>>> print(open('upload37.cif').read())   # mmCIF, C-alpha atoms
data_coords
#
loop_
_atom_site.group_PDB
_atom_site.id
_atom_site.type_symbol
_atom_site.label_atom_id
_atom_site.label_comp_id
_atom_site.auth_asym_id
_atom_site.auth_seq_id
_atom_site.Cartn_x
_atom_site.Cartn_y
_atom_site.Cartn_z
ATOM 1 C CA MET A 462 -19.539 16.685 12.067
ATOM 2 C CA GLU A 463 -21.047 20.072 12.905
ATOM 3 C CA GLU A 464 -19.460 23.313 14.012
ATOM 4 C CA ASN A 465 -18.972 23.288 17.760
ATOM 5 C CA MET A 466 -17.293 26.146 19.543
ATOM 6 C CA GLU A 467 -17.553 24.347 22.905
ATOM 7 C CA LEU A 468 -14.686 22.102 21.891
ATOM 8 C CA THR A 469 -12.540 20.888 24.789
ATOM 9 C CA ALA A 470 -8.796 20.397 24.507
ATOM 10 C CA GLU A 471 -9.290 16.639 24.829
ATOM 11 C CA ARG A 472 -11.903 16.565 22.049
ATOM 12 C CA SER A 473 -9.625 18.625 19.788
ATOM 13 C CA LEU A 474 -6.797 16.197 20.371
ATOM 14 C CA GLU A 475 -9.188 13.298 19.720
ATOM 15 C CA ILE A 476 -10.263 14.805 16.373
ATOM 16 C CA ILE A 477 -6.661 15.321 15.265
ATOM 17 C CA THR A 478 -5.642 11.778 16.252
ATOM 18 C CA GLU A 479 -8.762 10.286 14.673
ATOM 19 C CA GLN A 480 -8.269 12.036 11.319
ATOM 20 C CA ILE A 481 -4.579 11.135 11.130
ATOM 21 C CA GLU A 482 -5.463 7.513 11.939
ATOM 22 C CA LYS A 483 -8.234 7.583 9.294
ATOM 23 C CA SER A 484 -5.733 8.779 6.731
ATOM 24 C CA ARG A 485 -3.360 5.935 7.650
ATOM 25 C CA ARG A 486 -6.199 3.401 7.398
ATOM 26 C CA ALA A 487 -7.199 4.727 3.975
ATOM 27 C CA VAL A 488 -3.631 4.091 2.774
ATOM 28 C CA SER A 489 -3.739 0.695 4.472
ATOM 29 C CA LYS A 490 -6.961 -0.303 2.674
ATOM 30 C CA ASP A 491 -5.652 0.952 -0.658
ATOM 31 C CA THR A 492 -2.441 -1.053 -0.207
ATOM 32 C CA GLY A 493 -4.575 -4.058 0.759
ATOM 33 C CA GLN A 494 -6.543 -3.757 -2.479
ATOM 34 C CA TRP A 495 -3.312 -3.694 -4.508
ATOM 35 C CA LEU A 496 -1.818 -6.677 -2.669
ATOM 36 C CA PHE A 497 -5.046 -8.688 -2.944
ATOM 37 C CA VAL A 498 -5.514 -8.070 -6.675
ATOM 38 C CA THR A 499 -1.803 -8.638 -7.428
ATOM 39 C CA GLY A 500 -1.809 -11.881 -5.416
ATOM 40 C CA LEU A 501 -4.989 -13.155 -7.038
ATOM 41 C CA ILE A 502 -3.834 -12.398 -10.587
ATOM 42 C CA ALA A 503 -0.382 -13.894 -9.910
ATOM 43 C CA MET A 504 -2.055 -17.080 -8.625
ATOM 44 C CA ILE A 505 -4.296 -17.347 -11.691
ATOM 45 C CA MET A 506 -1.344 -16.596 -13.973
ATOM 46 C CA SER A 507 0.830 -19.258 -12.323
ATOM 47 C CA VAL A 508 -1.900 -21.869 -12.881
ATOM 48 C CA ILE A 509 -2.309 -20.815 -16.552
ATOM 49 C CA VAL A 510 1.456 -20.809 -17.205
ATOM 50 C CA ALA A 511 1.928 -24.150 -15.432
ATOM 51 C CA CYS A 512 -0.921 -25.824 -17.345
ATOM 52 C CA ALA A 513 0.157 -24.376 -20.708
ATOM 53 C CA ASN A 514 3.804 -25.447 -20.215
ATOM 54 C CA TYR A 515 2.801 -28.892 -18.954
ATOM 55 C CA LEU A 516 0.390 -29.572 -21.806
ATOM 56 C CA THR A 517 2.563 -28.229 -24.629
ATOM 57 C CA TRP A 518 5.862 -29.594 -23.228
ATOM 58 C CA THR A 519 7.623 -26.236 -23.744
ATOM 59 C CA PRO A 520 8.727 -23.533 -21.320
ATOM 60 C CA LEU A 521 7.604 -20.866 -23.800
ATOM 61 C CA PHE A 522 4.571 -19.852 -21.827
ATOM 62 C CA HIS A 523 6.808 -18.366 -19.122
ATOM 63 C CA LEU A 524 6.859 -15.348 -21.427
ATOM 64 C CA LEU A 525 3.319 -14.714 -20.191
ATOM 65 C CA TRP A 526 4.840 -13.413 -16.931
ATOM 66 C CA PHE A 527 5.791 -10.245 -18.762
ATOM 67 C CA ALA A 528 2.064 -9.563 -19.223
ATOM 68 C CA LEU A 529 1.465 -9.739 -15.444
ATOM 69 C CA PRO A 530 2.096 -6.023 -14.661
ATOM 70 C CA VAL A 531 -0.138 -4.986 -17.568
ATOM 71 C CA VAL A 532 -2.994 -7.242 -16.419
ATOM 72 C CA ILE A 533 -2.677 -5.954 -12.816
ATOM 73 C CA TRP A 534 -2.649 -2.351 -14.018
ATOM 74 C CA LEU A 535 -5.754 -2.865 -16.192
ATOM 75 C CA VAL A 536 -7.702 -4.622 -13.430
ATOM 76 C CA MET A 537 -6.758 -1.969 -10.844
ATOM 77 C CA LYS A 538 -7.747 0.794 -13.250
ATOM 78 C CA ARG A 539 -11.165 -0.816 -13.651
ATOM 79 C CA ILE A 540 -11.608 -1.346 -9.893
ATOM 80 C CA ASN A 541 -10.564 2.238 -9.070
ATOM 81 C CA ARG A 542 -12.810 3.748 -11.746
ATOM 82 C CA ASN A 543 -15.637 4.567 -9.350
ATOM 83 C CA ARG A 544 -13.662 4.778 -6.106
ATOM 84 C CA VAL A 545 -12.697 7.967 -4.282
ATOM 85 C CA PRO A 546 -8.911 8.169 -4.785
ATOM 86 C CA VAL A 547 -6.727 8.024 -1.692
ATOM 87 C CA PRO A 548 -4.611 11.189 -1.605
ATOM 88 C CA GLU A 549 -0.869 11.322 -1.455
ATOM 89 C CA SER A 550 0.344 11.133 2.132
ATOM 90 C CA PHE A 551 3.616 10.630 3.937
ATOM 91 C CA VAL A 552 2.732 7.010 4.792
ATOM 92 C CA GLY A 553 1.404 6.365 1.261
ATOM 93 C CA THR A 554 4.553 7.804 -0.286
ATOM 94 C CA LEU A 555 6.735 5.588 1.919
ATOM 95 C CA VAL A 556 4.778 2.476 0.896
ATOM 96 C CA ARG A 557 4.853 3.462 -2.792
ATOM 97 C CA LYS A 558 8.606 4.152 -2.725
ATOM 98 C CA THR A 559 9.279 0.836 -0.977
ATOM 99 C CA TRP A 560 7.471 -1.027 -3.767
ATOM 100 C CA TYR A 561 8.994 1.047 -6.580
ATOM 101 C CA THR A 562 12.488 0.374 -5.226
ATOM 102 C CA THR A 563 11.736 -3.339 -4.904
ATOM 103 C CA LEU A 564 10.308 -3.545 -8.422
ATOM 104 C CA VAL A 565 13.281 -1.675 -9.934
ATOM 105 C CA PHE A 566 15.680 -4.048 -8.154
ATOM 106 C CA ALA A 567 13.608 -7.031 -9.344
ATOM 107 C CA LEU A 568 13.501 -5.796 -12.936
ATOM 108 C CA VAL A 569 17.244 -5.073 -13.074
ATOM 109 C CA TYR A 570 17.951 -8.494 -11.546
ATOM 110 C CA VAL A 571 15.674 -10.294 -14.046
ATOM 111 C CA VAL A 572 17.390 -8.627 -17.005
ATOM 112 C CA ILE A 573 20.948 -9.253 -15.725
ATOM 113 C CA ALA A 574 20.178 -12.826 -14.624
ATOM 114 C CA THR A 575 18.467 -13.719 -17.905
ATOM 115 C CA VAL A 576 21.365 -12.418 -20.005
ATOM 116 C CA TRP A 577 23.919 -14.085 -17.700
ATOM 117 C CA ASN A 578 22.091 -17.429 -17.785
ATOM 118 C CA ILE A 579 21.782 -17.368 -21.597
ATOM 119 C CA VAL A 580 25.497 -16.586 -21.961
ATOM 120 C CA LEU A 581 26.430 -19.368 -19.510
ATOM 121 C CA GLN A 582 24.195 -21.911 -21.247
ATOM 122 C CA HIS A 583 25.803 -21.149 -24.615
ATOM 123 C CA TYR A 584 29.453 -20.881 -23.660
ATOM 124 C CA GLU A 585 29.889 -23.019 -20.545
ATOM 125 C CA SER A 586 29.323 -26.619 -19.517
ATOM 126 C CA PRO A 587 26.120 -27.673 -17.693
ATOM 127 C CA GLU A 588 28.190 -28.118 -14.487
ATOM 128 C CA VAL A 589 29.409 -24.538 -14.592
ATOM 129 C CA PHE A 590 25.869 -23.347 -15.373
ATOM 130 C CA LEU A 591 24.537 -25.298 -12.388
ATOM 131 C CA HIS A 592 26.925 -23.513 -10.019
ATOM 132 C CA ALA A 593 27.216 -20.084 -11.603
ATOM 133 C CA GLY A 594 23.672 -19.625 -12.948
ATOM 134 C CA MET A 595 21.573 -16.936 -11.279
ATOM 135 C CA HIS A 596 18.350 -18.116 -9.615
ATOM 136 C CA ILE A 597 15.659 -15.697 -10.707
ATOM 137 C CA THR A 598 12.405 -16.740 -9.009
ATOM 138 C CA PRO A 599 13.617 -17.261 -5.397
ATOM 139 C CA THR A 600 15.576 -13.997 -5.498
ATOM 140 C CA ILE A 601 12.656 -11.968 -6.861
ATOM 141 C CA LEU A 602 10.246 -13.520 -4.372
ATOM 142 C CA THR A 603 12.685 -12.819 -1.520
ATOM 143 C CA LEU A 604 12.763 -9.158 -2.554
ATOM 144 C CA LEU A 605 8.952 -9.084 -2.633
ATOM 145 C CA ALA A 606 8.721 -10.795 0.772
ATOM 146 C CA VAL A 607 10.988 -8.103 2.233
ATOM 147 C CA ALA A 608 8.777 -5.423 0.630
ATOM 148 C CA VAL A 609 5.664 -6.997 2.188
ATOM 149 C CA SER A 610 7.287 -6.951 5.646
ATOM 150 C CA MET A 611 8.525 -3.376 5.194
ATOM 151 C CA THR A 612 5.003 -2.321 4.172
ATOM 152 C CA GLY A 613 3.756 -3.921 7.385
ATOM 153 C CA LEU A 614 6.273 -1.927 9.421
ATOM 154 C CA ILE A 615 5.316 1.358 7.708
ATOM 155 C CA LEU A 616 1.571 0.731 8.140
ATOM 156 C CA LYS A 617 2.135 -0.566 11.684
ATOM 157 C CA LYS A 618 0.534 -3.917 10.826
ATOM 158 C CA SER A 619 2.534 -6.624 12.547
ATOM 159 C CA ALA A 620 0.504 -9.345 10.789
ATOM 160 C CA LEU A 621 1.835 -8.110 7.451
ATOM 161 C CA VAL A 622 5.415 -8.329 8.753
ATOM 162 C CA TRP A 623 4.783 -11.961 9.723
ATOM 163 C CA PHE A 624 3.113 -12.764 6.392
ATOM 164 C CA GLY A 625 6.227 -11.435 4.621
ATOM 165 C CA LEU A 626 8.477 -13.524 6.821
ATOM 166 C CA LEU A 627 6.289 -16.625 6.430
ATOM 167 C CA SER A 628 6.193 -16.354 2.644
ATOM 168 C CA PHE A 629 9.989 -15.960 2.629
ATOM 169 C CA VAL A 630 10.427 -19.098 4.762
ATOM 170 C CA ILE A 631 7.979 -21.099 2.619
ATOM 171 C CA LEU A 632 9.697 -20.230 -0.639
ATOM 172 C CA ARG A 633 13.201 -20.820 0.722
ATOM 173 C CA PHE A 634 12.281 -24.260 2.082
ATOM 174 C CA GLY A 635 10.892 -25.559 -1.206
ATOM 175 C CA LEU A 636 8.374 -27.512 0.852
ATOM 176 C CA PHE A 637 5.916 -27.789 -2.037
ATOM 177 C CA SER A 638 8.515 -29.419 -4.307
ATOM 178 C CA VAL A 639 9.362 -31.968 -1.614
ATOM 179 C CA ILE A 640 5.682 -32.900 -1.225
ATOM 180 C CA ILE A 641 5.234 -33.212 -5.008
ATOM 181 C CA SER A 642 8.344 -35.406 -5.328
ATOM 182 C CA ARG A 643 6.919 -37.748 -2.684
ATOM 183 C CA VAL A 644 3.465 -37.939 -4.244
ATOM 184 C CA LEU A 645 4.197 -38.160 -7.983
ATOM 185 C CA PRO A 646 6.154 -40.847 -9.925
ATOM 186 C CA PRO A 647 9.626 -39.898 -11.335
ATOM 187 C CA THR A 648 8.303 -39.735 -14.932
ATOM 188 C CA ALA A 649 5.754 -37.122 -13.974
ATOM 189 C CA LEU A 650 8.455 -35.228 -12.063
ATOM 190 C CA THR A 651 10.525 -34.787 -15.242
ATOM 191 C CA LYS A 652 7.542 -33.217 -16.948
ATOM 192 C CA LEU A 653 6.857 -31.131 -13.857
ATOM 193 C CA SER A 654 10.237 -29.432 -14.224
ATOM 194 C CA LEU A 655 8.554 -27.343 -16.929
ATOM 195 C CA VAL A 656 6.165 -26.081 -14.290
ATOM 196 C CA ARG A 657 9.025 -25.383 -11.842
ATOM 197 C CA PRO A 658 8.768 -21.843 -10.548
ATOM 198 C CA CYS A 659 4.971 -21.669 -10.888
ATOM 199 C CA GLU A 660 4.270 -23.533 -7.658
ATOM 200 C CA LEU A 661 6.598 -21.172 -5.772
ATOM 201 C CA ILE A 662 4.939 -18.120 -7.301
ATOM 202 C CA PHE A 663 1.484 -19.524 -6.535
ATOM 203 C CA LEU A 664 2.359 -20.153 -2.885
ATOM 204 C CA PHE A 665 4.042 -16.778 -2.495
ATOM 205 C CA ALA A 666 1.121 -14.965 -4.144
ATOM 206 C CA LEU A 667 -1.246 -16.676 -1.718
ATOM 207 C CA VAL A 668 0.707 -16.219 1.524
ATOM 208 C CA GLY A 669 2.693 -13.081 0.775
ATOM 209 C CA LEU A 670 0.212 -11.038 -1.254
ATOM 210 C CA MET A 671 -3.401 -12.238 -1.334
ATOM 211 C CA LEU A 672 -3.938 -13.149 2.313
ATOM 212 C CA PRO A 673 -2.318 -9.998 3.796
ATOM 213 C CA GLY A 674 -4.107 -7.916 1.149
ATOM 214 C CA TRP A 675 -7.438 -9.441 2.110
ATOM 215 C CA MET A 676 -6.651 -8.782 5.776
ATOM 216 C CA LEU A 677 -5.935 -5.091 5.122
ATOM 217 C CA LYS A 678 -8.958 -4.743 2.832
ATOM 218 C CA ARG A 679 -11.457 -5.977 5.400
ATOM 219 C CA GLU A 680 -10.126 -3.758 8.186
ATOM 220 C CA ASP A 681 -12.925 -1.599 9.617
ATOM 221 C CA PRO A 682 -12.718 2.156 9.086
ATOM 222 C CA LEU A 683 -12.751 4.279 12.249
ATOM 223 C CA MET B 1117 0.684 29.101 33.833
ATOM 224 C CA VAL B 1118 -0.251 31.222 30.810
ATOM 225 C CA PHE B 1119 -2.652 29.668 28.315
ATOM 226 C CA GLN B 1120 -1.835 30.272 24.692
ATOM 227 C CA PRO B 1121 -4.883 31.452 22.741
ATOM 228 C CA LEU B 1122 -6.520 28.840 20.497
ATOM 229 C CA ASP B 1123 -7.016 29.885 16.875
ATOM 230 C CA PRO B 1124 -10.821 30.326 16.596
ATOM 231 C CA LEU B 1125 -10.717 29.298 12.940
ATOM 232 C CA LEU B 1126 -9.274 25.907 13.833
ATOM 233 C CA HIS B 1127 -11.240 25.517 17.060
ATOM 234 C CA ALA B 1128 -14.254 23.994 15.326
ATOM 235 C CA GLU B 1129 -14.769 20.255 14.837
ATOM 236 C CA LEU B 1130 -15.113 20.094 11.071
ATOM 237 C CA ARG B 1131 -12.440 22.666 10.233
ATOM 238 C CA LEU B 1132 -10.037 20.971 12.635
ATOM 239 C CA ALA B 1133 -10.841 17.580 11.063
ATOM 240 C CA VAL B 1134 -10.205 18.967 7.566
ATOM 241 C CA MET B 1135 -6.905 20.509 8.633
ATOM 242 C CA SER B 1136 -5.827 17.298 10.420
ATOM 243 C CA LEU B 1137 -6.565 15.306 7.260
ATOM 244 C CA LEU B 1138 -4.620 17.741 5.116
ATOM 245 C CA ILE B 1139 -1.694 17.683 7.535
ATOM 246 C CA ALA B 1140 -1.481 13.907 7.054
ATOM 247 C CA ASP B 1141 -2.277 13.900 3.322
ATOM 248 C CA VAL B 1142 -0.610 16.772 1.513
ATOM 249 C CA GLU B 1143 -3.622 17.338 -0.727
ATOM 250 C CA ALA B 1144 -6.996 15.678 -1.044
ATOM 251 C CA GLU B 1145 -10.041 15.696 -3.273
ATOM 252 C CA PHE B 1146 -13.356 16.968 -1.945
ATOM 253 C CA PRO B 1147 -15.127 13.537 -1.995
ATOM 254 C CA TYR B 1148 -12.290 12.012 0.041
ATOM 255 C CA ILE B 1149 -12.505 14.743 2.712
ATOM 256 C CA LYS B 1150 -16.293 14.350 2.767
ATOM 257 C CA GLU B 1151 -15.974 10.578 3.192
ATOM 258 C CA GLN B 1152 -13.354 10.798 5.938
ATOM 259 C CA THR B 1153 -15.034 13.544 7.972
ATOM 260 C CA GLY B 1154 -18.580 12.277 7.467
ATOM 261 C CA ALA B 1155 -19.756 15.850 6.830
ATOM 262 C CA THR B 1156 -22.462 16.952 4.433
ATOM 263 C CA ALA B 1157 -21.312 18.475 1.136
ATOM 264 C CA GLY B 1158 -22.910 21.858 1.954
ATOM 265 C CA ASN B 1159 -21.395 22.190 5.419
ATOM 266 C CA LEU B 1160 -18.004 21.027 4.183
ATOM 267 C CA SER B 1161 -18.047 23.577 1.350
ATOM 268 C CA VAL B 1162 -18.753 26.411 3.809
ATOM 269 C CA GLN B 1163 -15.920 25.341 6.139
ATOM 270 C CA ILE B 1164 -13.493 24.866 3.265
ATOM 271 C CA ASP B 1165 -14.330 28.382 2.032
ATOM 272 C CA LYS B 1166 -13.552 29.776 5.507
ATOM 273 C CA LEU B 1167 -10.202 27.969 5.645
ATOM 274 C CA SER B 1168 -9.426 29.070 2.112
ATOM 275 C CA SER B 1169 -10.303 32.714 2.854
ATOM 276 C CA ALA B 1170 -7.914 32.634 5.813
ATOM 277 C CA GLY B 1171 -5.191 31.301 3.507
ATOM 278 C CA TYR B 1172 -4.871 28.042 5.458
ATOM 279 C CA ILE B 1173 -5.693 25.912 2.452
ATOM 280 C CA LYS B 1174 -5.619 26.365 -1.291
ATOM 281 C CA VAL B 1175 -8.589 25.176 -3.311
ATOM 282 C CA LYS B 1176 -8.044 24.183 -6.916
ATOM 283 C CA LYS B 1177 -11.023 23.508 -9.152
ATOM 284 C CA THR B 1178 -10.136 21.280 -12.051
ATOM 285 C CA PHE B 1179 -11.542 18.477 -14.197
ATOM 286 C CA LYS B 1180 -10.975 14.751 -14.018
ATOM 287 C CA GLY B 1181 -11.965 13.572 -17.455
ATOM 288 C CA LYS B 1182 -15.323 15.266 -17.888
ATOM 289 C CA ARG B 1183 -16.134 15.480 -14.177
ATOM 290 C CA PRO B 1184 -15.350 18.561 -12.071
ATOM 291 C CA CYS B 1185 -12.830 17.924 -9.321
ATOM 292 C CA THR B 1186 -12.038 20.094 -6.286
ATOM 293 C CA ILE B 1187 -8.622 19.598 -4.736
ATOM 294 C CA CYS B 1188 -7.690 21.072 -1.354
ATOM 295 C CA ARG B 1189 -4.092 21.582 -0.379
ATOM 296 C CA ILE B 1190 -2.708 22.854 2.919
ATOM 297 C CA THR B 1191 -0.549 25.994 2.636
ATOM 298 C CA ALA B 1192 2.567 26.930 4.597
ATOM 299 C CA LYS B 1193 0.415 29.410 6.557
ATOM 300 C CA GLY B 1194 -2.039 26.612 7.342
ATOM 301 C CA GLN B 1195 0.737 24.302 8.529
ATOM 302 C CA LYS B 1196 2.098 27.055 10.766
ATOM 303 C CA ALA B 1197 -1.374 27.763 12.203
ATOM 304 C CA PHE B 1198 -1.976 24.070 12.819
ATOM 305 C CA THR B 1199 1.367 23.683 14.617
ATOM 306 C CA ALA B 1200 0.587 26.734 16.769
ATOM 307 C CA TYR B 1201 -2.869 25.293 17.554
ATOM 308 C CA VAL B 1202 -1.347 21.967 18.666
ATOM 309 C CA GLU B 1203 1.213 23.831 20.806
ATOM 310 C CA ALA B 1204 -1.614 25.825 22.416
ATOM 311 C CA LEU B 1205 -3.561 22.619 23.036
ATOM 312 C CA LYS B 1206 -0.521 21.193 24.817
ATOM 313 C CA SER B 1207 -0.515 24.076 27.303
ATOM 314 C CA TYR B 1208 -4.168 23.312 28.189
ATOM 315 C CA LEU B 1209 -3.538 19.599 28.494
ATOM 316 C CA ASP B 1210 -0.345 20.093 30.586
ATOM 317 C CA VAL B 1211 -2.331 22.070 33.163
ATOM 318 C CA LYS B 1212 -4.945 19.303 33.341
ATOM 319 C CA VAL B 1213 -2.243 16.685 33.853
ATOM 320 C CA GLU B 1214 -0.657 18.782 36.600
ATOM 321 C CA LYS B 1215 -4.042 19.129 38.276
ATOM 322 C CA VAL B 1216 -4.635 15.368 38.161
ATOM 323 C CA LYS B 1217 -1.151 14.737 39.587
ATOM 324 C CA SER B 1218 -1.689 17.148 42.483
#
>>> encode(input="upload37.cif", output="structure tokens")
Amino acid sequence: MEENMELTAERSLEIITEQIEKSRRAVSKDTGQWLFVTGLIAMIMSVIVACANYLTWTPLFHLLWFALPVVIWLVMKRINRNRVPVPESFVGTLVRKTWYTTLVFALVYVVIATVWNIVLQHYESPEVFLHAGMHITPTILTLLAVAVSMTGLILKKSALVWFGLLSFVILRFGLFSVIISRVLPPTALTKLSLVRPCELIFLFALVGLMLPGWMLKREDPL
Amino acid sequence: MVFQPLDPLLHAELRLAVMSLLIADVEAEFPYIKEQTGATAGNLSVQIDKLSSAGYIKVKKTFKGKRPCTICRITAKGQKAFTAYVEALKSYLDVKVEKVKS
């Protein structure tokens, strides 16, 4: 781009529009990278947790989920080491705040639900626990699905809005569990209860995070 | 119809591109601006100096680890100048639209 004093009004307007669009696409690609890496790591983690729980016959390995944010942060730090950082922008700030709000809600919910469920299990009957227990995974994934769709609206990517909606529908239907119950014998199903939320997380990570992230990542720059 | 004068400092492709980027992103590092505008480092440095001398942007030289890092940030004066430039552009474009209509 060289200095050109023969700039027409149309060309000036074109430059302004182009640069603002470039800035939005840079945010879009950066968000795509985050979604892709988060989705991929969540998928790998769900397979590891499921296998470990299934093989050891304990739900203890669900504690590994707490390591997920740390692993994502470390991987992203390594990926971004040699990349030109995307500056703070209005669109970027909106996306970041959407995800921060979602994650704070998710974290608060996990803590409250875990404490509530432990108290119920100790002091109430299984029937009461069944009705009054708080469902952690579907609620968290619903929050994340909403965040994916909101990100799509902010970045003006309708595909992302649909991916968010699709992942929400998939996880609410429990389609995967129905298929598994049809395919596997009842004895295997009992053991599979240890794996329970992993299949939901895997599916959500694929449809709600990895695929839309990959789509944003491969978008051509202007 | 009276045309509003266009700010000569902004009426240049690269400087306008830099200002448009900084309007969208509050502040940006030199490599990012270079990547987005597709300009050479030398040319970009010259144009950034001109914008900085006019007080449209603020240039901060710092370090990121051991590497030097130049951060450009649009100033209130720069935002005002950019808004005035866009308003002036509108007056030119309005006349063209009127001409097409007639």
>>> resolve_selection(input="upload37.cif", expression="the PyMOL selection byres ((chain A) within 12 of (chain B))", output="VMD selection string")
chain A and resid 462 to 488 542 to 554 682 to 683
>>> resolve_selection(input="upload37.cif", expression="the PyMOL selection byres ((chain A and resi 512) around 12)", output="list in words")
Ile505, Met506, Ser507, Val508, Ile509, Val510, Ala511, Ala513, Asn514, Tyr515, Leu516, Thr517, Trp518, Thr519, Pro520, Leu521, Phe522, His523, Lys652, Leu653, Leu655, Val656, Arg657, Cys659 and Glu660 of chain A
>>> write_last_selection(input="upload37.cif", atoms="C-alpha atoms", output="short mmCIF file (atom, residue, chain, number, x, y, z; two decimals), keeping the file's coordinate frame")
data_model
loop_
_atom_site.label_atom_id
_atom_site.label_comp_id
_atom_site.auth_asym_id
_atom_site.auth_seq_id
_atom_site.Cartn_x
_atom_site.Cartn_y
_atom_site.Cartn_z
CA ILE A 505 -4.30 -17.35 -11.69
CA MET A 506 -1.34 -16.60 -13.97
CA SER A 507 0.83 -19.26 -12.32
CA VAL A 508 -1.90 -21.87 -12.88
CA ILE A 509 -2.31 -20.82 -16.55
CA VAL A 510 1.46 -20.81 -17.20
CA ALA A 511 1.93 -24.15 -15.43
CA ALA A 513 0.16 -24.38 -20.71
CA ASN A 514 3.80 -25.45 -20.22
CA TYR A 515 2.80 -28.89 -18.95
CA LEU A 516 0.39 -29.57 -21.81
CA THR A 517 2.56 -28.23 -24.63
CA TRP A 518 5.86 -29.59 -23.23
CA THR A 519 7.62 -26.24 -23.74
CA PRO A 520 8.73 -23.53 -21.32
CA LEU A 521 7.60 -20.87 -23.80
CA PHE A 522 4.57 -19.85 -21.83
CA HIS A 523 6.81 -18.37 -19.12
CA LYS A 652 7.54 -33.22 -16.95
CA LEU A 653 6.86 -31.13 -13.86
CA LEU A 655 8.55 -27.34 -16.93
CA VAL A 656 6.16 -26.08 -14.29
CA ARG A 657 9.02 -25.38 -11.84
CA CYS A 659 4.97 -21.67 -10.89
CA GLU A 660 4.27 -23.53 -7.66
#
>>> atom_distance(input="upload37.cif", atom1="atom CA of Ile1164 of chain B", atom2="atom CA of Leu555 of chain A")
28.0 Å
>>> resolve_selection(input="upload37.cif", expression="the PyMOL selection byres ((chain A and resi 527-537) around 8)", output="PyMOL selection string")
chain A and resi 495+498-499+502-503+506+524-526+538-541
>>> atom_distance(input="upload37.cif", atom1="atom CA of Lys1150 of chain B", atom2="atom CA of Gly1181 of chain B")
20.7 Å
>>> closest_residue(input="upload37.cif", among="A:Leu616, A:Leu564, A:Ile662, A:Ile641", to="Phe629 of chain A", atoms="only C-alpha atoms")
A:Ile662
>>> residues_around(input="upload37.cif", residues="Lys490 of chain A", least_positions_apart="4", cutoff="7 Å", atoms="all atoms listed in the file", output="PDB file with C-alpha atoms, in the coordinates of the input")
ATOM      1  CA  ARG A 486      -6.199   3.401   7.398  1.00  0.00           C
ATOM      2  CA  GLN A 494      -6.543  -3.757  -2.479  1.00  0.00           C
ATOM      3  CA  LEU A 677      -5.935  -5.091   5.122  1.00  0.00           C
ATOM      4  CA  LYS A 678      -8.958  -4.743   2.832  1.00  0.00           C
TER       5      LYS A 678
END
>>> atom_distance(input="upload37.cif", atom1="atom CA of Thr612 of chain A", atom2="atom CA of Thr1199 of chain B")
28.3 Å
>>> residues_around(input="upload37.cif", residues="segment 663-675 of chain A", least_positions_apart="4", cutoff="7 Å", atoms="all atoms listed in the file", output="list of chain:residue names")
A:Gly493, A:Gln494, A:Leu496, A:Phe497, A:Thr499, A:Gly500, A:Leu501, A:Ala503, A:Met504, A:Ser507, A:Ala606, A:Val609, A:Leu621, A:Phe624, A:Gly625, A:Ser628, A:Leu632, A:Cys659, A:Arg679
